[in-house]
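J.: Have a peek at my_file_30.tsv (TSV, C-alpha atoms).
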```tsv
chain	number	residue	atom	x	y	z
I	1	MET	CA	13.85	23.64	-38.20
I	2	LYS	CA	10.62	25.37	-37.30
I	3	LYS	CA	10.61	26.71	-33.77
I	4	THR	CA	7.61	26.32	-31.52
I	5	ARG	CA	6.80	29.22	-29.27
I	6	HIS	CA	6.02	28.67	-25.62
I	7	ILE	CA	4.45	30.93	-23.06
I	8	LEU	CA	6.14	31.33	-19.68
I	9	LEU	CA	3.82	32.98	-17.16
I	10	ILE	CA	5.06	34.34	-13.85
I	11	LEU	CA	2.36	35.34	-11.39
I	12	GLY	CA	3.22	37.64	-8.53
I	13	LEU	CA	1.53	38.32	-5.24
I	14	LYS	CA	0.60	41.58	-3.52
I	15	GLY	CA	-0.20	43.51	-6.67
I	16	ILE	CA	2.83	42.53	-8.72
I	17	SER	CA	2.05	42.59	-12.44
I	18	ILE	CA	1.65	39.51	-14.62
I	19	PHE	CA	4.47	39.07	-17.10
I	20	ALA	CA	4.36	36.96	-20.24
I	21	GLN	CA	7.43	36.01	-22.19
I	22	LEU	CA	7.76	34.06	-25.40
I	23	VAL	CA	10.66	31.64	-25.42
I	24	THR	CA	12.05	29.48	-28.17
I	25	ASP	CA	12.45	25.72	-28.13
I	26	SER	CA	16.07	25.81	-27.12
I	27	SER	CA	15.67	28.20	-24.20
I	28	PHE	CA	12.48	26.50	-23.01
I	29	TYR	CA	14.00	23.06	-23.04
I	30	GLU	CA	17.13	24.29	-21.33
I	31	CYS	CA	15.00	25.74	-18.54
I	32	PHE	CA	13.12	22.51	-18.04
I	33	ARG	CA	15.74	19.80	-18.45
I	34	ILE	CA	15.26	17.00	-15.94
I	35	ARG	CA	18.29	17.12	-13.68
I	36	PRO	CA	19.60	14.58	-11.59
I	37	ALA	CA	16.79	12.09	-11.27
I	38	THR	CA	16.27	8.51	-12.23
I	39	GLU	CA	13.19	6.66	-13.43
I	40	GLY	CA	12.86	2.92	-13.64
I	41	GLY	CA	16.63	2.49	-13.36
I	42	LYS	CA	17.36	4.91	-16.25
I	43	ASN	CA	19.25	8.17	-15.89
I	44	MET	CA	16.87	10.93	-16.88
I	45	THR	CA	19.47	13.73	-16.94
I	46	GLY	CA	19.01	16.00	-19.90
I	47	LYS	CA	15.76	14.47	-21.17
I	48	LYS	CA	13.59	17.08	-22.94
I	49	ILE	CA	9.91	17.48	-22.34
I	50	PRO	CA	8.24	18.25	-25.71
I	51	PHE	CA	5.27	20.39	-24.76
I	52	THR	CA	3.84	22.31	-27.73
I	53	LEU	CA	2.24	24.85	-25.44
I	54	SER	CA	3.58	24.87	-21.90
I	55	ILE	CA	2.40	27.09	-19.11
I	56	VAL	CA	4.39	27.17	-15.94
I	57	VAL	CA	3.04	29.09	-13.02
I	58	LEU	CA	5.40	30.32	-10.34
I	59	ILE	CA	3.93	32.02	-7.30
I	60	MET	CA	6.39	34.42	-5.73
I	61	ALA	CA	5.96	36.30	-2.48
I	62	ALA	CA	6.70	39.97	-2.80
I	63	GLY	CA	8.52	41.86	-0.09
I	64	GLY	CA	9.83	38.66	1.54
I	65	THR	CA	12.26	35.86	1.02
I	66	LEU	CA	11.21	32.42	-0.23
I	67	LEU	CA	13.35	29.82	1.45
I	68	ALA	CA	14.40	26.63	-0.28
I	69	GLN	CA	13.04	23.71	1.70
I	70	SER	CA	15.89	22.05	3.56
I	71	GLY	CA	13.98	19.45	5.56
I	72	GLY	CA	11.78	16.47	4.80
I	73	ASN	CA	11.56	14.21	1.79
I	74	PHE	CA	9.85	15.09	-1.47
I	75	THR	CA	8.44	12.37	-3.69
I	76	ILE	CA	6.51	12.64	-6.95
I	77	THR	CA	4.60	9.46	-7.69
I	78	LYS	CA	3.16	10.92	-10.89
I	79	SER	CA	5.55	12.91	-13.02
I	80	VAL	CA	5.07	15.41	-15.85
I	81	ILE	CA	7.28	13.03	-17.80
I	82	ALA	CA	4.33	10.68	-18.29
I	83	GLY	CA	2.44	13.23	-20.35
I	84	GLY	CA	5.42	14.70	-22.13
I	85	GLY	CA	7.05	12.03	-24.24
I	86	GLY	CA	8.67	9.70	-21.71
I	87	SER	CA	7.75	6.80	-19.50
I	88	ALA	CA	6.96	7.53	-15.85
I	89	SER	CA	5.82	4.11	-14.69
I	90	GLY	CA	7.59	2.51	-11.77
I	91	GLY	CA	10.25	4.02	-9.56
I	92	SER	CA	9.95	7.29	-7.68
I	93	PHE	CA	11.00	10.85	-8.43
I	94	SER	CA	12.64	12.98	-5.76
I	95	MET	CA	13.02	16.76	-5.46
I	96	ASN	CA	15.80	18.05	-3.27
I	97	GLY	CA	15.32	21.75	-3.93
I	98	THR	CA	11.80	23.16	-3.96
I	99	ILE	CA	10.09	26.26	-2.68
I	100	GLY	CA	8.29	24.19	-0.04
I	101	GLN	CA	6.06	27.06	1.08
I	102	SER	CA	2.36	26.72	1.70
I	103	VAL	CA	1.69	29.22	-1.11
I	104	ALA	CA	3.00	26.71	-3.64
I	105	GLY	CA	-0.32	24.93	-3.90
I	106	GLY	CA	-0.52	22.49	-1.03
I	107	PRO	CA	0.43	21.85	2.58
I	108	SER	CA	4.09	22.16	3.50
I	109	THR	CA	4.14	21.46	7.21
I	110	GLY	CA	5.71	18.50	8.90
I	111	GLY	CA	8.23	16.09	7.44
I	112	SER	CA	6.38	14.92	4.34
I	113	PHE	CA	5.15	16.98	1.41
I	114	SER	CA	2.46	16.36	-1.20
I	115	LEU	CA	2.50	17.77	-4.71
I	116	TYR	CA	-0.77	19.47	-5.65
I	117	SER	CA	-2.18	20.53	-9.01
I	118	GLY	CA	0.44	19.05	-11.29
I	119	PHE	CA	0.27	19.04	-15.10
I	120	TRP	CA	-1.75	15.82	-15.17
I	121	GLY	CA	-4.94	16.91	-13.50
I	122	GLY	CA	-5.01	19.82	-11.15
I	123	GLY	CA	-7.29	20.67	-8.31
I	124	GLY	CA	-6.13	18.02	-5.88
I	125	SER	CA	-3.54	15.53	-4.81
I	126	ALA	CA	-1.32	14.16	-7.56
I	127	ALA	CA	-2.15	10.60	-6.61
I	128	PRO	CA	-4.10	8.71	-3.97
I	129	THR	CA	-2.25	7.15	-1.08
I	130	PRO	CA	-0.53	4.18	-2.70
I	131	ASN	CA	-0.61	0.54	-1.67
I	132	ALA	CA	-3.75	0.45	0.44
I	133	PRO	CA	-4.30	-3.18	1.46
I	134	PHE	CA	-7.16	-5.09	-0.18
I	135	ASP	CA	-7.70	-2.31	-2.71
I	136	TYR	CA	-9.23	-4.16	-5.66
I	137	ASP	CA	-10.22	-1.08	-7.70
I	138	GLY	CA	-7.04	0.95	-7.31
I	139	ASP	CA	-8.50	4.07	-5.67
I	140	GLY	CA	-6.20	3.95	-2.63
I	141	LYS	CA	-8.84	2.60	-0.24
I	142	THR	CA	-9.48	-0.85	1.20
I	143	ASP	CA	-12.63	-2.36	-0.29
I	144	VAL	CA	-15.29	-4.17	1.70
I	145	SER	CA	-14.90	-7.69	0.32
I	146	VAL	CA	-15.63	-11.35	1.08
I	147	PHE	CA	-14.74	-14.85	-0.05
I	148	ARG	CA	-17.68	-17.27	-0.12
I	149	PRO	CA	-16.14	-20.71	0.45
I	150	GLY	CA	-19.15	-22.84	-0.57
I	151	PRO	CA	-19.28	-21.83	-4.25
I	152	GLY	CA	-15.72	-20.46	-4.26
I	153	GLU	CA	-16.87	-16.91	-5.01
I	154	TRP	CA	-15.27	-13.53	-4.38
I	155	TRP	CA	-17.45	-10.47	-3.85
I	156	TYR	CA	-16.29	-6.93	-3.30
I	157	LEU	CA	-17.87	-3.50	-3.01
I	158	ARG	CA	-15.87	-0.95	-4.99
I	159	SER	CA	-15.11	2.08	-2.84
I	160	SER	CA	-14.47	4.14	-5.98
I	161	ASP	CA	-18.05	4.05	-7.30
I	162	GLY	CA	-20.15	1.85	-4.98
I	163	GLY	CA	-20.53	-0.88	-7.58
I	164	ASN	CA	-20.24	-4.62	-6.96
I	165	TYR	CA	-17.91	-7.19	-8.48
I	166	ALA	CA	-18.05	-10.96	-8.24
I	167	ALA	CA	-15.86	-13.76	-9.55
I	168	ALA	CA	-15.93	-17.53	-9.15
I	169	PHE	CA	-12.32	-18.47	-8.46
I	170	GLY	CA	-11.27	-21.25	-6.12
I	171	GLN	CA	-12.93	-23.75	-3.84
I	172	SER	CA	-13.76	-24.13	-0.18
I	173	THR	CA	-10.47	-25.83	0.78
I	174	ASP	CA	-8.27	-23.15	-0.77
I	175	THR	CA	-6.45	-20.49	1.27
I	176	ILE	CA	-7.08	-16.96	0.03
I	177	VAL	CA	-3.94	-14.90	-0.64
I	178	PRO	CA	-4.98	-11.67	-2.42
I	179	GLY	CA	-2.33	-9.11	-3.32
I	180	ASP	CA	-1.03	-6.92	-6.13
I	181	TYR	CA	1.00	-9.59	-7.93
I	182	THR	CA	1.05	-7.75	-11.26
I	183	GLY	CA	2.00	-4.30	-9.96
I	184	ASP	CA	-0.85	-2.35	-11.56
I	185	GLY	CA	-1.98	-0.72	-8.30
I	186	LYS	CA	-4.97	-3.03	-7.90
I	187	TRP	CA	-5.09	-6.12	-5.73
I	188	ASP	CA	-5.54	-9.40	-7.56
I	189	ILE	CA	-7.86	-12.15	-6.41
I	190	ALA	CA	-5.66	-15.13	-5.56
I	191	PHE	CA	-5.57	-18.40	-3.63
I	192	PHE	CA	-3.09	-21.02	-2.49
I	193	ARG	CA	-4.15	-24.65	-2.95
I	194	PRO	CA	-2.49	-26.72	-0.20
I	195	SER	CA	-3.28	-30.04	-1.87
I	196	GLU	CA	-1.12	-29.00	-4.85
I	197	GLY	CA	1.24	-26.49	-3.25
I	198	ALA	CA	0.19	-24.16	-6.08
I	199	TRP	CA	-0.74	-20.48	-6.37
I	200	TYR	CA	-3.53	-19.19	-8.64
I	201	ILE	CA	-3.70	-15.48	-9.54
I	202	LEU	CA	-6.64	-13.76	-11.27
I	203	ARG	CA	-5.22	-10.67	-12.97
I	204	SER	CA	-7.06	-7.46	-12.15
I	205	GLU	CA	-6.17	-6.07	-15.58
I	206	ASP	CA	-8.17	-8.48	-17.73
I	207	SER	CA	-9.53	-11.29	-15.48
I	208	THR	CA	-7.21	-13.87	-17.00
I	209	PHE	CA	-5.33	-16.08	-14.58
I	210	PHE	CA	-2.00	-17.80	-14.17
I	211	ALA	CA	-0.77	-20.46	-11.78
I	212	PHE	CA	2.54	-21.83	-10.53
I	213	PRO	CA	3.77	-24.32	-7.93
I	214	PHE	CA	5.48	-22.88	-4.87
I	215	GLY	CA	5.44	-24.53	-1.47
I	216	ALA	CA	4.11	-27.66	0.17
I	217	GLY	CA	0.75	-28.59	1.63
I	218	THR	CA	1.81	-27.91	5.24
I	219	ASP	CA	3.37	-24.52	4.47
I	220	VAL	CA	1.70	-21.31	5.64
I	221	PRO	CA	1.36	-18.78	2.77
I	222	ALA	CA	2.79	-15.38	3.68
I	223	PRO	CA	2.75	-13.19	0.56
I	224	ALA	CA	4.06	-9.61	0.71
I	225	ASP	CA	6.33	-7.25	-1.21
I	226	TYR	CA	9.68	-8.40	0.15
I	227	ASP	CA	11.84	-6.82	-2.57
I	228	GLY	CA	10.13	-3.42	-2.70
I	229	ASP	CA	9.28	-3.46	-6.41
I	230	GLY	CA	5.57	-2.71	-5.90
I	231	ARG	CA	4.45	-6.29	-6.55
I	232	THR	CA	3.35	-8.92	-4.08
I	233	ASP	CA	5.76	-11.86	-3.86
I	234	ALA	CA	4.55	-15.41	-3.30
I	235	ALA	CA	6.07	-16.68	-0.05
I	236	VAL	CA	5.55	-19.48	2.45
I	237	TYR	CA	6.64	-20.17	6.00
I	238	ARG	CA	7.49	-23.80	6.76
I	239	PRO	CA	6.89	-24.35	10.50
I	240	SER	CA	8.61	-27.73	10.65
I	241	SER	CA	11.97	-26.16	9.77
I	242	ALA	CA	11.19	-22.51	10.64
I	243	THR	CA	12.21	-21.55	7.10
I	244	TRP	CA	10.84	-18.86	4.82
I	245	PHE	CA	10.76	-19.35	1.06
I	246	ILE	CA	10.26	-16.16	-0.96
I	247	LEU	CA	9.76	-16.01	-4.74
I	248	ARG	CA	10.97	-12.53	-5.60
I	249	SER	CA	9.02	-10.85	-8.41
I	250	SER	CA	11.93	-8.51	-9.19
I	251	ASP	CA	14.27	-11.24	-10.48
I	252	GLY	CA	12.32	-14.51	-10.30
I	253	GLN	CA	14.78	-15.98	-7.79
I	254	VAL	CA	13.93	-17.79	-4.57
I	255	GLY	CA	15.21	-16.50	-1.25
I	256	PHE	CA	15.59	-18.71	1.83
I	257	VAL	CA	15.49	-17.33	5.35
I	258	GLY	CA	15.68	-19.30	8.57
I	259	PHE	CA	13.73	-17.33	11.17
I	260	GLY	CA	11.33	-18.49	13.86
I	261	LEU	CA	10.40	-21.67	15.69
I	262	ASP	CA	7.93	-24.46	15.09
I	263	GLY	CA	4.58	-23.10	16.26
I	264	ASP	CA	5.30	-19.51	15.22
I	265	ARG	CA	2.91	-17.74	12.84
I	266	PRO	CA	4.13	-15.50	10.00
I	267	VAL	CA	3.27	-11.79	10.31
I	268	PRO	CA	5.25	-10.04	7.55
I	269	ALA	CA	4.90	-6.26	7.19
I	270	ASP	CA	7.13	-3.24	6.60
I	271	TYR	CA	8.07	-2.58	10.22
I	272	ASP	CA	11.06	-0.32	9.47
I	273	GLY	CA	9.51	1.79	6.71
I	274	ASP	CA	12.03	1.01	3.96
I	275	GLY	CA	9.43	-0.08	1.41
I	276	GLN	CA	10.15	-3.80	1.83
I	277	ALA	CA	8.13	-6.28	3.85
I	278	ASP	CA	10.08	-7.76	6.75
I	279	VAL	CA	10.16	-11.40	7.73
I	280	ALA	CA	8.44	-11.59	11.12
I	281	VAL	CA	6.71	-14.11	13.39
I	282	TRP	CA	4.18	-14.09	16.19
I	283	ARG	CA	4.97	-16.58	18.97
I	284	PRO	CA	1.61	-17.13	20.65
I	285	SER	CA	2.95	-19.43	23.37
I	286	LEU	CA	4.93	-16.52	24.83
I	287	GLY	CA	2.99	-13.55	23.44
I	288	GLN	CA	6.09	-12.42	21.56
I	289	TRP	CA	6.75	-10.72	18.24
I	290	TRP	CA	10.07	-11.35	16.48
I	291	LEU	CA	10.96	-9.08	13.57
I	292	LEU	CA	13.82	-9.48	11.10
I	293	ARG	CA	13.78	-5.92	9.76
I	294	SER	CA	15.38	-5.57	6.33
I	295	SER	CA	17.06	-2.26	7.18
I	296	ALA	CA	17.05	-1.88	10.96
I	297	GLY	CA	17.92	-5.45	11.97
I	298	PRO	CA	16.23	-7.94	14.33
I	299	ILE	CA	14.14	-6.94	17.32
I	300	ALA	CA	11.60	-8.62	19.61
I	301	PHE	CA	8.64	-7.46	21.70
I	302	ALA	CA	6.37	-9.08	24.26
I	303	PHE	CA	2.90	-7.82	23.37
I	304	GLY	CA	-0.28	-9.86	23.65
I	305	THR	CA	-1.43	-13.28	24.80
I	306	SER	CA	-1.87	-16.64	23.10
I	307	THR	CA	-5.55	-16.11	22.31
I	308	ASP	CA	-5.10	-12.68	20.68
I	309	LEU	CA	-5.27	-12.22	16.89
I	310	THR	CA	-2.49	-10.37	15.08
I	311	VAL	CA	-3.49	-7.26	13.09
I	312	PRO	CA	-0.25	-5.40	12.26
I	313	GLY	CA	-0.44	-2.27	10.11
I	314	ASP	CA	0.46	1.41	9.99
I	315	TYR	CA	-2.15	2.82	12.37
I	316	THR	CA	-0.19	5.99	13.19
I	317	GLY	CA	0.68	7.03	9.62
I	318	ASP	CA	4.47	7.22	10.03
I	319	GLY	CA	5.17	4.83	7.16
I	320	LYS	CA	6.01	1.90	9.45
I	321	ALA	CA	3.79	-1.02	10.38
I	322	ASP	CA	2.81	-1.09	14.05
I	323	ILE	CA	2.64	-4.31	16.02
I	324	ALA	CA	-1.03	-4.77	16.94
I	325	TYR	CA	-3.54	-7.35	18.06
I	326	PHE	CA	-7.28	-7.79	18.42
I	327	ARG	CA	-8.62	-9.45	21.57
I	328	PRO	CA	-11.72	-11.40	20.47
I	329	THR	CA	-12.98	-12.03	23.99
I	330	THR	CA	-13.43	-8.31	24.66
I	331	GLY	CA	-13.50	-6.75	21.19
I	332	GLU	CA	-10.50	-4.55	22.03
I	333	TRP	CA	-7.62	-3.41	19.83
I	334	PHE	CA	-4.10	-2.79	21.13
I	335	ILE	CA	-1.49	-0.89	19.08
I	336	LEU	CA	2.23	-0.69	19.83
I	337	ARG	CA	3.43	2.55	18.25
I	338	SER	CA	6.45	2.13	15.97
I	339	GLU	CA	7.57	5.67	16.82
I	340	ASP	CA	8.36	5.14	20.51
I	341	SER	CA	7.15	1.64	21.52
I	342	SER	CA	4.36	3.11	23.64
I	343	PHE	CA	0.93	1.56	23.17
I	344	PHE	CA	-2.72	2.46	23.18
I	345	GLY	CA	-5.92	0.42	23.20
I	346	PHE	CA	-9.58	0.95	22.45
I	347	PRO	CA	-12.77	-1.12	22.17
I	348	PHE	CA	-14.17	-1.69	18.70
I	349	GLY	CA	-16.25	-4.78	18.13
I	350	THR	CA	-17.77	-7.53	20.22
I	351	ALA	CA	-17.11	-11.19	20.91
I	352	GLY	CA	-17.70	-13.14	17.71
I	353	ASP	CA	-16.65	-10.33	15.38
I	354	VAL	CA	-13.96	-11.05	12.78
I	355	PRO	CA	-11.17	-8.43	12.57
I	356	ALA	CA	-10.72	-6.99	9.08
I	357	PRO	CA	-8.24	-4.08	9.33
I	358	GLY	CA	-7.33	-1.92	6.35
I	359	ASP	CA	-7.20	1.67	5.11
I	360	TYR	CA	-10.89	2.27	4.36
I	361	ASP	CA	-10.64	6.05	3.88
I	362	GLY	CA	-7.35	6.20	1.98
I	363	ASP	CA	-5.51	8.49	4.40
I	364	GLY	CA	-2.44	6.26	4.69
I	365	ARG	CA	-3.36	4.92	8.12
I	366	PHE	CA	-4.80	1.54	9.04
I	367	ASP	CA	-8.32	1.54	10.42
I	368	ALA	CA	-9.71	-0.91	12.96
I	369	ALA	CA	-12.58	-2.80	11.35
I	370	VAL	CA	-14.68	-5.89	12.02
I	371	PHE	CA	-17.09	-8.11	10.12
I	372	ARG	CA	-20.05	-9.43	12.11
I	373	PRO	CA	-20.99	-12.83	10.61
I	374	SER	CA	-24.36	-13.05	12.35
I	375	SER	CA	-25.69	-10.01	10.48
I	376	SER	CA	-23.10	-9.58	7.69
I	377	PHE	CA	-22.50	-6.01	8.86
I	378	TRP	CA	-19.13	-4.29	8.57
I	379	PHE	CA	-17.96	-1.70	11.09
I	380	ALA	CA	-14.84	0.37	10.33
I	381	ASN	CA	-13.38	3.01	12.63
I	382	ARG	CA	-11.93	5.20	9.88
I	383	SER	CA	-9.14	7.46	11.14
I	384	THR	CA	-10.20	10.42	8.98
I	385	ALA	CA	-13.71	9.78	7.60
I	386	GLY	CA	-15.33	8.48	10.79
I	387	ILE	CA	-17.36	5.34	11.44
I	388	LEU	CA	-18.41	3.21	8.46
I	389	ILE	CA	-21.34	0.82	8.82
I	390	GLN	CA	-22.05	-1.33	5.77
I	391	GLN	CA	-23.98	-4.52	5.22
I	392	PHE	CA	-22.26	-6.73	2.69
I	393	GLY	CA	-22.11	-10.51	2.44
I	394	ILE	CA	-24.00	-13.40	3.94
I	395	PRO	CA	-23.39	-15.62	6.99
I	396	GLY	CA	-20.50	-17.95	6.29
I	397	ASP	CA	-18.56	-15.42	4.20
I	398	VAL	CA	-14.92	-14.75	5.05
I	399	PRO	CA	-13.84	-11.07	4.91
I	400	THR	CA	-10.77	-10.87	2.66
I	401	PRO	CA	-9.07	-8.20	4.87
I	402	ASN	CA	-8.93	-11.01	7.45
I	403	ALA	CA	-6.80	-13.15	5.13
I	404	PHE	CA	-3.52	-12.61	6.99
I	405	VAL	CA	-4.79	-12.23	10.53
I	406	ARG	CA	-3.11	-14.98	12.58
```
Translate the structure described by the file into C-alpha cells.

T.:
Amino acid sequence: MKKTRHILLILGLKGISIFAQLVTDSSFYECFRIRPATEGGKNMTGKKIPFTLSIVVLIMAAGGTLLAQSGGNFTITKSVIAGGGGSASGGSFSMNGTIGQSVAGGPSTGGSFSLYSGFWGGGGSAAPTPNAPFDYDGDGKTDVSVFRPGPGEWWYLRSSDGGNYAAAFGQSTDTIVPGDYTGDGKWDIAFFRPSEGAWYILRSEDSTFFAFPFGAGTDVPAPADYDGDGRTDAAVYRPSSATWFILRSSDGQVGFVGFGLDGDRPVPADYDGDGQADVAVWRPSLGQWWLLRSSAGPIAFAFGTSTDLTVPGDYTGDGKADIAYFRPTTGEWFILRSEDSSFFGFPFGTAGDVPAPGDYDGDGRFDAAVFRPSSSFWFANRSTAGILIQQFGIPGDVPTPNAFVR
C-alpha cells in the first residue's frame, strides 16, 4: 500500500533550531491515536485521523521545565476529529494531560482553560461561549428580539451581522417559549397555546415547524434542558398540584416531579453547574427561592419581596446560575452569588422598564438589560463590552428575553 508522507515540525524557543522530520503513515498514526476519550457515547480509543498533510506545532521552552497541567478542567468543544474523518458532533472531549502553559497559544490562568488556534480555524477561540440564552443566530450572544402579539410576529436583530429577521408564528393569546429544541446551537422560535395545551416549534435550521400536545391550559410552561443533552425540553408546572411534567428530549419519556406549592412560580436554571437545569420555584408570598438541584440536592433562600421579578442567570461566570431579581419600582438589580451566597445590587433601568437579561456580549456571563416600551429602546449593561443602547421594536412589543421572567 502506498505510504503518505507527513511533516512533523517542532519549533523551539530561545534560538533553538527548527527541525523537520518525515514520518510514515504507521508512525504518524501511532503518534496521534485518540486515547481514552469518548464522543457521542462511542469509545474513540485507537481511532486514526487520516490527514494527508499534517503539521503539528509544539512550542517548547528551552532551558526550563514544562510542567504538565495538574489543575482545572480541559474541554474541547470542537475537535480535530470533525475535520479528519470522524464525527465530532455532540458530547464533549476532555484532556487530562496538557502542557497548560501560556506559551501554548492561549491563556492558562485560573481553573478553566480555552483551546486556541486549533486545526479548524486558527487565530482565536475554538468556539464561542456555548448556550447563550435567546441566541437565534448561533454566535454565542443573546440577540435583541421581540414578539409582536397583535399580528403574532417575531422580530430579532442578529448580533452576528446586524441583519434583521422576522417570522409570523403564533397569535396574541399564545405564550412564547423560545429555546434550542433541535440542538443545533440556535434558539428556535416557539410558543405554547394554552387553549390546546400544545407546543409549536419553528425550526431554526429550515423554518419548518412541528407541534405536539403537552400540558393543560392552566399549566405554566417552564422549558429548559433538564437532561443535559443540549436541547431544550418542553416542561410545565401545574400549580394546582405543585407537579412538574418534563418531556425529556434525550429519550422521549416524561418525568414527574412534585416540588413547590400552589402559588409558586417556576424558575428553572442550572444552579449547581452540572449542565442540567434544576427544578426550582419562586415563592413570592414569602420572598423565598426553593431549588431542587440535580446534583447538589435541595436548598432554599429568602431573597426578594413579592413585587420583585425573578431574573436568575450566571452573572458571575462560574458556570452556575445565580438567584437574582429586578425591582421594578426602583429599577434595581440584586444578585445572590452562587459562589458564597453573598449578594450585590446596582441600579439599571427605571420604573416601567421590562427586564430582559441575557449574555449580550458572549463572555459567558449574564448581563442586566431592560426594554423601555415607551421608546422601544434597549439598554444592556454588558459585563465585558460595556453599555449597549439599541432601538428595536415598537410600543406593545414583548422582549423575548423576558419570556421566563416571573

J.: Kindly give the distance, in Å, that separates CA of Leu309 in chain I and CA of Ala380 in chain I, rounded to a single decimal.

T.: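 Between CA of Leu309 in chain I and CA of Ala380 in chain I the gap works out to 17.1 Å.
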
J.: Work out how far apart CA of Phe214 in chain I and CA of Gly313 in chain I are and give it in Å to one decimal.

T.: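 Between CA of Phe214 in chain I and CA of Gly313 in chain I the gap works out to 26.2 Å.
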
J.: Skip range 143-149 of chain I itself and residues of its chain fewer than 2 positions away, then list as a PyMOL selection string all residues within 10 Å of it, counting only C-alpha atoms.

T.: chain I and resi 132-141+151-160+162+164-176+189+356+358-361+371+378+380+390-403

J.: Quick one: residues within 10 Å of Asp264 in chain I, all atoms listed in the file counted, chain neighbours fewer than 2 positions away excluded, as a ChimeraX atom specification?

T.: /I:237-240,242,259-262,266-267,280-285,288-290,406

J.: So, counting only C-alpha atoms, which residue among I:Ser341, I:Ser249, I:Thr142, I:Ser241 is closest to Ala369 in chain I?

T.: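 Answer, going by the shortest atom-to-atom distance: I:Thr142.
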
J.: Quick check, in Å to one decimal: how far apart do CA of Gln253 in chain I and CA of Tyr200 in chain I lie?

T.: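 CA of Tyr200 in chain I lies 18.6 Å from CA of Gln253 in chain I.
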
J.: Determine the nearest neighbour of Gly230 in chain I from the options I:Asp184, I:Glu205, I:Asp251, I:Asp322, counting only C-alpha atoms.

T.: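 Closest to Gly230 in chain I of all the choices is I:Asp184.
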
J.: Name the residues in contact with range 269-272 of chain I at a cut-off of 6 Å, using all atoms listed in the file, excluding same-chain residues fewer than 3 positions from it; report them as a VMD selection string.

T.: chain I and resid 276 to 278 320 to 321

J.: Put a box with edges along x, y and z around all the listed atoms of range 336-348 of chain I, pad it by 4 Å on each side, then give me its centre and sizes in Å, one decimal, as JSON.

T.:
```
{"center_x": -2.9, "center_y": 2.0, "center_z": 19.8, "size_x": 30.5, "size_y": 15.4, "size_z": 15.7}
```

J.: Rank I:Asp353, I:Asp318, I:Arg382, I:Ala368 by their smallest atom-to-atom distance to Phe334 in chain I, using only C-alpha atoms, and report the top residue only.

T.: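 Among the listed residues, I:Ala368 lies closest to Phe334 in chain I.
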
J.: Working from the structure I just supplied, which lacks atoms in range 295-306 of chain I, can you model N, CA, C and O atoms there and output them as a short mmCIF file (atom, residue, chain, number, x, y, z; two decimals), in the coordinates of the input?

T.:
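File written: selection_39.cif
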```cif
data_model
loop_
_atom_site.label_atom_id
_atom_site.label_comp_id
_atom_site.auth_asym_id
_atom_site.auth_seq_id
_atom_site.Cartn_x
_atom_site.Cartn_y
_atom_site.Cartn_z
N SER I 295 16.11 -3.36 7.07
CA SER I 295 17.06 -2.26 7.18
C SER I 295 17.57 -2.06 8.60
O SER I 295 18.74 -1.76 8.81
N ALA I 296 16.69 -2.21 9.58
CA ALA I 296 17.05 -1.88 10.96
C ALA I 296 17.49 -3.07 11.80
O ALA I 296 17.85 -2.90 12.96
N GLY I 297 17.46 -4.29 11.24
CA GLY I 297 17.92 -5.45 11.97
C GLY I 297 16.86 -6.10 12.84
O GLY I 297 15.72 -5.63 12.91
N PRO I 298 17.21 -7.18 13.55
CA PRO I 298 16.23 -7.94 14.33
C PRO I 298 15.85 -7.24 15.63
O PRO I 298 16.65 -6.50 16.22
N ILE I 299 14.63 -7.49 16.05
CA ILE I 299 14.14 -6.94 17.32
C ILE I 299 12.96 -7.80 17.77
O ILE I 299 12.31 -8.47 16.95
N ALA I 300 12.70 -7.83 19.07
CA ALA I 300 11.60 -8.62 19.61
C ALA I 300 10.83 -7.82 20.64
O ALA I 300 11.38 -6.94 21.32
N PHE I 301 9.51 -8.12 20.74
CA PHE I 301 8.64 -7.46 21.70
C PHE I 301 7.72 -8.50 22.33
O PHE I 301 7.27 -9.43 21.67
N ALA I 302 7.42 -8.30 23.59
CA ALA I 302 6.37 -9.08 24.26
C ALA I 302 5.12 -8.21 24.26
O ALA I 302 5.08 -7.16 24.90
N PHE I 303 4.09 -8.66 23.51
CA PHE I 303 2.90 -7.82 23.37
C PHE I 303 1.73 -8.70 22.95
O PHE I 303 1.60 -9.10 21.80
N GLY I 304 0.88 -9.04 23.92
CA GLY I 304 -0.28 -9.86 23.65
C GLY I 304 -0.25 -11.18 24.39
O GLY I 304 0.71 -11.50 25.11
N THR I 305 -1.32 -11.96 24.19
CA THR I 305 -1.43 -13.28 24.80
C THR I 305 -1.76 -14.31 23.72
O THR I 305 -2.05 -13.95 22.57
N SER I 306 -1.75 -15.57 24.09
CA SER I 306 -1.87 -16.64 23.10
C SER I 306 -3.19 -16.65 22.36
O SER I 306 -3.28 -17.15 21.24
#
```
